[in-house]
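Peer 1: You'll find my_file25.txt just under this line, and it carries compact mmCIF, C-alpha atoms.
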```txt
# COMPACT_ATOMS: atom_id res chain seq x y z
CA MET A 1 5.27 0.15 17.71
CA SER A 2 5.75 -3.07 15.81
CA ALA A 3 3.87 -4.87 13.05
CA ASP A 4 3.69 -7.81 15.47
CA HIS A 5 0.57 -6.20 16.98
CA THR A 6 -1.43 -6.51 13.80
CA PHE A 7 0.20 -9.28 11.81
CA ALA A 8 0.52 -12.99 12.48
CA VAL A 9 1.35 -16.11 10.52
CA HIS A 10 -0.01 -19.55 11.35
CA VAL A 11 1.59 -22.68 9.96
CA GLU A 12 -0.05 -26.09 9.99
CA SER A 13 0.54 -29.28 8.11
CA THR A 14 -1.32 -32.24 6.71
CA ASP A 15 0.08 -35.43 5.24
CA VAL A 16 0.51 -33.80 1.87
CA ALA A 17 0.84 -30.09 2.50
CA ALA A 18 2.32 -27.40 4.69
CA ILE A 19 -0.20 -24.56 4.96
CA VAL A 20 0.91 -21.00 5.73
CA ARG A 21 -1.82 -18.57 6.79
CA PRO A 22 -0.74 -14.94 7.15
CA VAL A 23 -3.25 -12.68 8.89
CA GLY A 24 -3.11 -8.93 8.23
CA ASP A 25 -1.42 -6.66 5.71
CA VAL A 26 1.77 -7.94 4.09
CA ASP A 27 4.16 -5.05 3.57
CA LEU A 28 7.79 -4.15 4.28
CA SER A 29 7.01 -4.33 7.99
CA SER A 30 5.50 -7.80 8.03
CA SER A 31 7.06 -9.61 5.08
CA PRO A 32 10.14 -10.72 7.10
CA MET A 33 7.81 -12.64 9.43
CA LEU A 34 6.09 -14.24 6.44
CA ARG A 35 9.48 -15.16 4.99
CA THR A 36 10.53 -16.92 8.21
CA SER A 37 7.27 -18.87 8.37
CA LEU A 38 7.53 -19.83 4.72
CA GLU A 39 11.06 -21.12 5.25
CA GLN A 40 9.82 -23.23 8.16
CA ALA A 41 6.93 -24.58 6.12
CA ILE A 42 9.10 -25.43 3.11
CA ALA A 43 11.61 -27.14 5.41
CA GLN A 44 8.89 -29.69 6.25
CA SER A 45 9.49 -31.07 2.74
CA LYS A 46 5.82 -31.76 2.07
CA PRO A 47 4.77 -32.45 -1.53
CA ARG A 48 3.13 -29.03 -1.60
CA THR A 49 3.33 -25.73 0.25
CA ILE A 50 0.14 -23.68 0.27
CA VAL A 51 -0.11 -20.02 1.24
CA ASP A 52 -3.70 -19.27 2.24
CA LEU A 53 -4.22 -15.52 1.74
CA THR A 54 -7.85 -15.45 2.87
CA SER A 55 -7.01 -13.15 5.80
CA VAL A 56 -4.68 -10.83 3.87
CA GLY A 57 -6.34 -7.60 2.80
CA TYR A 58 -3.28 -5.95 1.33
CA MET A 59 0.07 -6.94 -0.12
CA ASP A 60 2.89 -4.86 -1.58
CA SER A 61 5.94 -5.80 -3.64
CA SER A 62 7.88 -6.95 -0.57
CA GLY A 63 5.17 -9.56 0.03
CA VAL A 64 5.21 -10.58 -3.61
CA ALA A 65 9.01 -10.89 -3.47
CA THR A 66 8.70 -13.14 -0.42
CA LEU A 67 6.29 -15.41 -2.27
CA VAL A 68 8.57 -15.48 -5.33
CA GLU A 69 11.37 -16.64 -3.02
CA GLY A 70 9.09 -19.39 -1.73
CA LEU A 71 8.21 -20.44 -5.26
CA GLN A 72 11.88 -20.65 -6.20
CA ARG A 73 12.77 -22.64 -3.08
CA THR A 74 10.03 -25.21 -3.72
CA ARG A 75 11.02 -25.49 -7.37
CA ARG A 76 14.55 -26.34 -6.31
CA ALA A 77 13.10 -28.95 -3.92
CA ASP A 78 10.88 -30.30 -6.71
CA SER A 79 7.70 -29.66 -4.73
CA ALA A 80 4.61 -27.59 -5.47
CA PHE A 81 3.86 -24.05 -4.28
CA LEU A 82 0.29 -22.79 -4.39
CA LEU A 83 -1.54 -19.61 -3.41
CA CYS A 84 -5.22 -19.49 -2.51
CA GLY A 85 -7.92 -17.28 -1.06
CA MET A 86 -6.77 -14.04 -2.70
CA SER A 87 -9.00 -10.97 -2.50
CA ASP A 88 -9.39 -8.95 -5.67
CA ARG A 89 -7.05 -6.34 -4.22
CA VAL A 90 -4.27 -8.82 -3.53
CA LEU A 91 -4.80 -10.56 -6.86
CA SER A 92 -4.47 -7.23 -8.67
CA ILE A 93 -0.82 -6.80 -7.70
CA PHE A 94 -0.04 -10.21 -9.18
CA GLN A 95 -1.92 -9.27 -12.33
CA ILE A 96 -0.22 -5.87 -12.64
CA SER A 97 3.20 -7.49 -12.25
CA ARG A 98 2.16 -10.37 -14.53
CA LEU A 99 2.98 -12.95 -11.90
CA ASP A 100 -0.52 -14.44 -11.92
CA ALA A 101 0.66 -16.65 -14.77
CA ILE A 102 3.75 -17.78 -12.86
CA PHE A 103 2.06 -18.89 -9.63
CA THR A 104 -0.52 -21.64 -9.27
CA ILE A 105 -3.49 -19.77 -7.80
CA ALA A 106 -6.54 -21.58 -6.43
CA ASP A 107 -9.77 -19.94 -5.33
CA THR A 108 -9.98 -21.73 -1.99
CA LEU A 109 -7.86 -23.81 0.35
CA ASP A 110 -9.93 -26.89 -0.49
CA ALA A 111 -9.18 -26.34 -4.15
CA ALA A 112 -5.47 -25.90 -3.40
CA LEU A 113 -5.40 -29.11 -1.40
CA GLY A 114 -7.05 -30.94 -4.27
CA THR A 115 -5.28 -29.26 -7.15
CA ASP A 116 -3.27 -31.51 -9.41
CA THR A 117 0.13 -29.96 -9.91
CA MET B 1 -3.72 23.03 -7.09
CA ASP B 2 -6.71 23.21 -4.75
CA ASP B 3 -5.20 24.26 -1.44
CA ALA B 4 -8.47 23.57 0.39
CA CYS B 5 -7.52 19.89 0.33
CA ALA B 6 -3.80 20.36 0.92
CA LEU B 7 -2.26 18.18 3.59
CA ARG B 8 1.29 17.70 4.80
CA ILE B 9 2.56 14.87 6.96
CA THR B 10 6.01 13.97 8.17
CA LEU B 11 6.99 10.49 9.25
CA LEU B 12 10.05 8.58 10.26
CA SER B 13 11.50 5.94 7.97
CA ARG B 14 9.89 3.04 9.82
CA PRO B 15 8.12 0.21 7.98
CA ALA B 16 5.57 -0.08 10.79
CA LEU B 17 4.16 3.29 9.69
CA LEU B 18 3.38 2.14 6.15
CA SER B 19 -0.13 0.95 6.97
CA CYS B 20 -0.95 4.32 8.62
CA VAL B 21 0.19 6.17 5.51
CA ARG B 22 -1.79 3.89 3.20
CA ARG B 23 -4.96 4.46 5.19
CA THR B 24 -4.37 8.22 5.32
CA VAL B 25 -3.74 8.41 1.59
CA GLU B 26 -6.81 6.37 0.75
CA ALA B 27 -9.02 8.39 3.09
CA TRP B 28 -7.71 11.65 1.62
CA CYS B 29 -8.22 10.42 -1.95
CA SER B 30 -11.76 9.37 -1.13
CA LEU B 31 -12.54 13.10 -0.99
CA THR B 32 -12.45 12.95 -4.78
CA GLY B 33 -15.13 10.25 -4.73
CA CYS B 34 -12.97 7.95 -6.80
CA ALA B 35 -13.52 4.25 -7.17
CA GLU B 36 -12.22 1.66 -4.73
CA ALA B 37 -9.75 0.32 -7.30
CA GLU B 38 -8.23 3.78 -7.75
CA LEU B 39 -7.88 4.26 -4.01
CA ALA B 40 -6.10 0.93 -3.83
CA ALA B 41 -3.81 1.87 -6.71
CA VAL B 42 -2.76 5.15 -5.10
CA GLY B 43 -2.29 3.48 -1.72
CA LEU B 44 -0.05 0.88 -3.33
CA ALA B 45 2.01 3.50 -5.16
CA MET B 46 2.58 5.48 -1.96
CA ASP B 47 3.49 2.34 -0.04
CA GLU B 48 6.05 1.41 -2.68
CA ALA B 49 7.45 4.94 -2.78
CA ILE B 50 7.97 5.11 0.98
CA ALA B 51 9.32 1.56 1.16
CA ASN B 52 11.86 2.48 -1.53
CA ILE B 53 12.98 5.54 0.44
CA ILE B 54 13.34 3.45 3.61
CA ARG B 55 15.27 0.65 1.93
CA HIS B 56 17.36 2.40 -0.69
CA GLY B 57 17.56 5.97 0.57
CA TYR B 58 17.94 5.46 4.30
CA ASP B 59 19.35 1.89 4.12
CA ASN B 60 16.66 0.78 6.61
CA SER B 61 17.75 3.31 9.24
CA PRO B 62 14.60 4.05 11.31
CA ASP B 63 15.30 7.71 12.04
CA GLY B 64 15.18 9.29 8.60
CA SER B 65 12.58 11.93 7.84
CA ILE B 66 10.03 11.66 5.02
CA GLU B 67 7.66 14.51 4.25
CA ILE B 68 4.60 14.03 2.07
CA GLU B 69 2.56 16.89 0.66
CA PHE B 70 -0.89 16.07 -0.70
CA HIS B 71 -2.46 18.34 -3.30
CA ARG B 72 -5.59 18.08 -5.36
CA ASP B 73 -6.64 19.93 -8.49
CA GLY B 74 -10.10 18.72 -9.50
CA PRO B 75 -9.80 15.02 -10.22
CA THR B 76 -5.97 15.14 -10.22
CA VAL B 77 -4.11 14.23 -7.07
CA GLN B 78 -0.43 14.92 -6.54
CA PHE B 79 1.90 13.70 -3.82
CA THR B 80 5.32 15.24 -3.29
CA LEU B 81 7.66 13.12 -1.18
CA THR B 82 10.87 14.69 0.07
CA ASP B 83 13.59 13.16 2.19
CA ASN B 84 17.11 13.79 3.39
CA ALA B 85 18.32 10.41 2.27
CA ARG B 86 21.22 9.40 0.07
CA GLN B 87 20.88 10.69 -3.48
CA VAL B 88 20.75 7.65 -5.68
CA PRO B 89 21.63 8.05 -9.38
CA LEU B 90 18.41 8.87 -11.23
CA GLU B 91 19.26 6.42 -13.99
CA SER B 92 19.33 3.62 -11.41
CA ILE B 93 15.66 4.12 -10.60
CA CYS B 94 14.10 1.75 -13.06
CA SER B 95 11.95 -1.36 -13.24
CA ARG B 96 13.30 -4.81 -13.83
CA PRO B 97 12.08 -6.69 -16.91
CA LEU B 98 8.87 -8.50 -15.92
CA ASP B 99 9.95 -11.70 -17.65
CA GLU B 100 12.71 -12.06 -15.06
CA VAL B 101 10.95 -13.97 -12.30
CA ARG B 102 12.98 -13.08 -9.25
CA PRO B 103 12.35 -11.45 -5.89
CA GLY B 104 12.50 -7.66 -5.78
CA GLY B 105 12.68 -4.88 -8.33
CA LEU B 106 8.94 -4.43 -8.73
CA GLY B 107 8.40 -1.27 -6.68
CA VAL B 108 9.26 1.27 -9.36
CA TYR B 109 7.26 -0.65 -11.94
CA LEU B 110 4.19 -0.66 -9.68
CA MET B 111 4.48 3.08 -9.02
CA LYS B 112 4.69 3.86 -12.73
CA GLU B 113 1.93 1.42 -13.59
CA THR B 114 -0.57 2.65 -11.01
CA MET B 115 0.09 6.41 -11.30
CA ASP B 116 0.06 8.66 -14.37
CA GLU B 117 3.43 10.19 -13.47
CA ALA B 118 6.33 9.31 -11.19
CA VAL B 119 9.22 11.78 -11.37
CA TRP B 120 12.35 11.60 -9.22
CA SER B 121 14.87 14.41 -8.76
CA HIS B 122 17.80 15.39 -6.55
CA ARG B 123 17.06 18.23 -4.14
CA PRO B 124 19.73 20.95 -4.29
CA GLU B 125 19.89 21.00 -0.48
CA GLY B 126 20.37 17.22 -0.35
CA GLY B 127 18.03 14.27 -0.39
CA MET B 128 15.52 13.21 -3.02
CA GLN B 129 12.15 14.36 -4.23
CA LEU B 130 9.50 12.20 -5.86
CA ILE B 131 6.33 13.56 -7.41
CA LEU B 132 3.49 11.11 -7.98
CA ARG B 133 0.47 12.32 -9.95
CA LYS B 134 -2.75 10.67 -11.02
CA THR B 135 -6.01 11.89 -12.52
CA MET B 136 -8.93 10.01 -11.01
CA ALA B 137 -12.04 9.00 -12.91
CA THR B 138 -14.43 10.95 -10.74
CA SER B 139 -18.09 10.02 -10.46
CA PRO B 140 -21.09 12.39 -10.88
CA GLU B 141 -21.65 12.17 -7.11
CA VAL B 142 -18.40 14.04 -6.59
CA THR B 143 -19.64 17.08 -8.43
CA MET B 144 -22.82 17.02 -6.38
CA ARG B 145 -20.88 16.70 -3.13
CA GLU B 146 -18.63 19.62 -4.05
CA HIS B 147 -21.66 21.78 -4.85
CA ASP B 148 -23.20 20.82 -1.52
CA VAL B 149 -20.08 22.02 0.27
CA ARG B 150 -20.21 25.34 -1.52
```
Would it be possible to restate this file's structure as structure tokens?

Peer 2:
Amino acid sequence: MSADHTFAVHVESTDVAAIVRPVGDVDLSSSPMLRTSLEQAIAQSKPRTIVDLTSVGYMDSSGVATLVEGLQRTRRADSAFLLCGMSDRVLSIFQISRLDAIFTIADTLDAALGTDT
Amino acid sequence: MDDACALRITLLSRPALLSCVRRTVEAWCSLTGCAEAELAAVGLAMDEAIANIIRHGYDNSPDGSIEIEFHRDGPTVQFTLTDNARQVPLESICSRPLDEVRPGGLGVYLMKETMDEAVWSHRPEGGMQLILRKTMATSPEVTMREHDVR
């Protein structure tokens, strides 16, 4: 059995942003796939990388660590890294670990695409 | 502890099983009638505990054994996790400072933050034991449901 059956990541791009859309729970099983997709998205060198978490119902510390890696990579590349579409449950892990103040978090993808950074 | 709710499961040290364990833990805890946020907190703590055993105890080997015993005493739930993994120094099991923004090192912090107690020990026969305990804020409906059962 593999997490591949229940987890997927879609990557798309616009002129200004690479958008990463994980679908499913992000845990130790699926975070390596998210990491690979994030690396591909960041390699597009768009002004901003957006992770749309609308279809993520659960995230653990391995998922958070993957997003911290993405944040650090984009900072080194002098580009923006935004999260959007978080459920209350996913947001809570960022709040507990006090990372909600470190990430730029938008309510929706539209807001993330229009956010001044 | 209330043995009527006791449950024991054994799983292999495979990350693909984490979602099954989370769902089992949350379903079991829902017997206490606790709030959604508390279910989520316990599910997260158990996920982090098992992930830590897989990564740091079994070094990501997929064939290690992890046993979880579930016990309930009124509103208090207790999970005892035992494994046959490498015994890591107890003093090394600690959280990283939260002002260090870097990947990793959050698992222990999340367990301690979401549960009332998280206690690690070395098993004399080898392997580690972790006891996670939390007292839920039960609702009045729970009392009614328990009376209905009786």

Peer 1: Quick one: everything within 8 Å of Leu83 (chain A), counting all atoms listed in the file, minus sequence neighbours fewer than 5 positions away in the same chain. Send it as a PyMOL selection string.

Peer 2: chain A and resi 50-53+103-106+112

Peer 1: Please, which residues of chain B lie no more than 8 Å from chain A when the count uses all atoms listed in the file, and can they be set out as a count of residues only?

Peer 2: 20

Peer 1: Can you tell me, as an MDAnalysis selection string, what residues are no more than 9 Å from Trp28 (chain B) when counting all atoms listed in the file, ignoring any on the same chain fewer than 6 positions away?

Peer 2: chainID B and resid 5 7 70

Peer 1: Restricting the output to C-alpha atoms, write the selected residues as a PDB file, in the coordinates of the input.

Peer 2:
```
ATOM      1  CA  CYS B   5      -7.520  19.890   0.330  1.00  0.00           C
ATOM      2  CA  LEU B   7      -2.260  18.180   3.590  1.00  0.00           C
ATOM      3  CA  PHE B  70      -0.890  16.070  -0.700  1.00  0.00           C
TER       4      PHE B  70
END
```

Peer 1: Taking all atoms of region 93-109 of chain B that the file lists and extending 6 Å past them on each side, where is the centre of the axis-aligned box and how long are its edges? Answer in Å to one decimal, as AutoDock Vina command-line options.

Peer 2:
```
--center_x 11.5 --center_y -4.9 --center_z -11.7 --size_x 20.4 --size_y 30.1 --size_z 23.9
```

Peer 1: Taking 4 positions as the minimum chain separation for residues in the same chain, which residues sit within 10 Å of Thr36 (chain A) when counting all atoms listed in the file? Answer as a CSV table (one decimal) with C-alpha atoms, in the frame of the given file.

Peer 2:
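Below you can see result_3.csv, which holds the result:
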```
chain,number,residue,atom,x,y,z
A,9,VAL,CA,1.4,-16.1,10.5
A,31,SER,CA,7.1,-9.6,5.1
A,32,PRO,CA,10.1,-10.7,7.1
A,40,GLN,CA,9.8,-23.2,8.2
A,41,ALA,CA,6.9,-24.6,6.1
A,66,THR,CA,8.7,-13.1,-0.4
```

Peer 1: Which of these, B:Val21, B:Ile66, B:Leu11, B:Ala4, has the shortest distance to Thr82 (chain B) once you count all atoms listed in the file?

Peer 2: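 Comparing B:Val21, B:Ile66, B:Leu11, B:Ala4 against Thr82 (chain B), the winner is B:Ile66.
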
Peer 1: Would you list the residues near (-7.4, -15.1, 3.9), meaning any protein, DNA or RNA residue with an atom at most 7 Å from that point in file coordinates, counting only C-alpha atoms, as a VMD selection string?

Peer 2: chain A and resid 23 52 to 56 85 to 86

Peer 1: Please produce a file of the residues just selected, as a compact mmCIF listing (two decimals), in the coordinates of the input, where the atoms kept are C-alpha atoms.

Peer 2:
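And here's result.txt as it stands now:
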```
# COMPACT_ATOMS: atom_id res chain seq x y z
CA VAL A 23 -3.25 -12.68 8.89
CA ASP A 52 -3.70 -19.27 2.24
CA LEU A 53 -4.22 -15.52 1.74
CA THR A 54 -7.85 -15.45 2.87
CA SER A 55 -7.01 -13.15 5.80
CA VAL A 56 -4.68 -10.83 3.87
CA GLY A 85 -7.92 -17.28 -1.06
CA MET A 86 -6.77 -14.04 -2.70
```

Peer 1: Quick one, how far is CA of Tyr58 (chain B) from CA of Met128 (chain B)?

Peer 2: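 Computed distance, CA of Tyr58 (chain B) to CA of Met128 (chain B), equals 10.9 Å.
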
Peer 1: Kindly give the distance, in Å, that separates CA of Gln129 (chain B) and CA of Asn84 (chain B), rounded to a single decimal.

Peer 2: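 Interatomic distance, CA of Gln129 (chain B) to CA of Asn84 (chain B): 9.1 Å.
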
Peer 1: Would you pick out the contacts of Ala43 (chain A) at 10 Å or less, using all atoms listed in the file, so that residues sharing its chain but fewer than 3 positions from it are not included, and give the list as an MDAnalysis selection string?

Peer 2: chainID A and resid 18 37:40 46 49 73:74 77

Peer 1: For Thr32 (chain B), which of B:Ser61, B:Ser92, B:Ser13, B:Thr76 is the closest residue, counting all atoms listed in the file?

Peer 2: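 Smallest distance to Thr32 (chain B) is found for B:Thr76.
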
Peer 1: Just want the 12 Å neighbourhood of Ile68 (chain B), counted on all atoms listed in the file, with same-chain residues fewer than 3 positions away dropped. Output as a ChimeraX atom specification.

Peer 2: /B:6-12,21,24-25,46-47,49-50,65,71,78-83,129-132

Peer 1: State, in Å with one decimal place, the distance from CA of Asp99 (chain B) to CA of Ala80 (chain A).

Peer 2: 20.7 Å

Peer 1: Closest to Thr14 (chain A) among A:Gln95, A:Leu113, A:Arg76, A:Gly57, using all atoms listed in the file?

Peer 2: A:Leu113
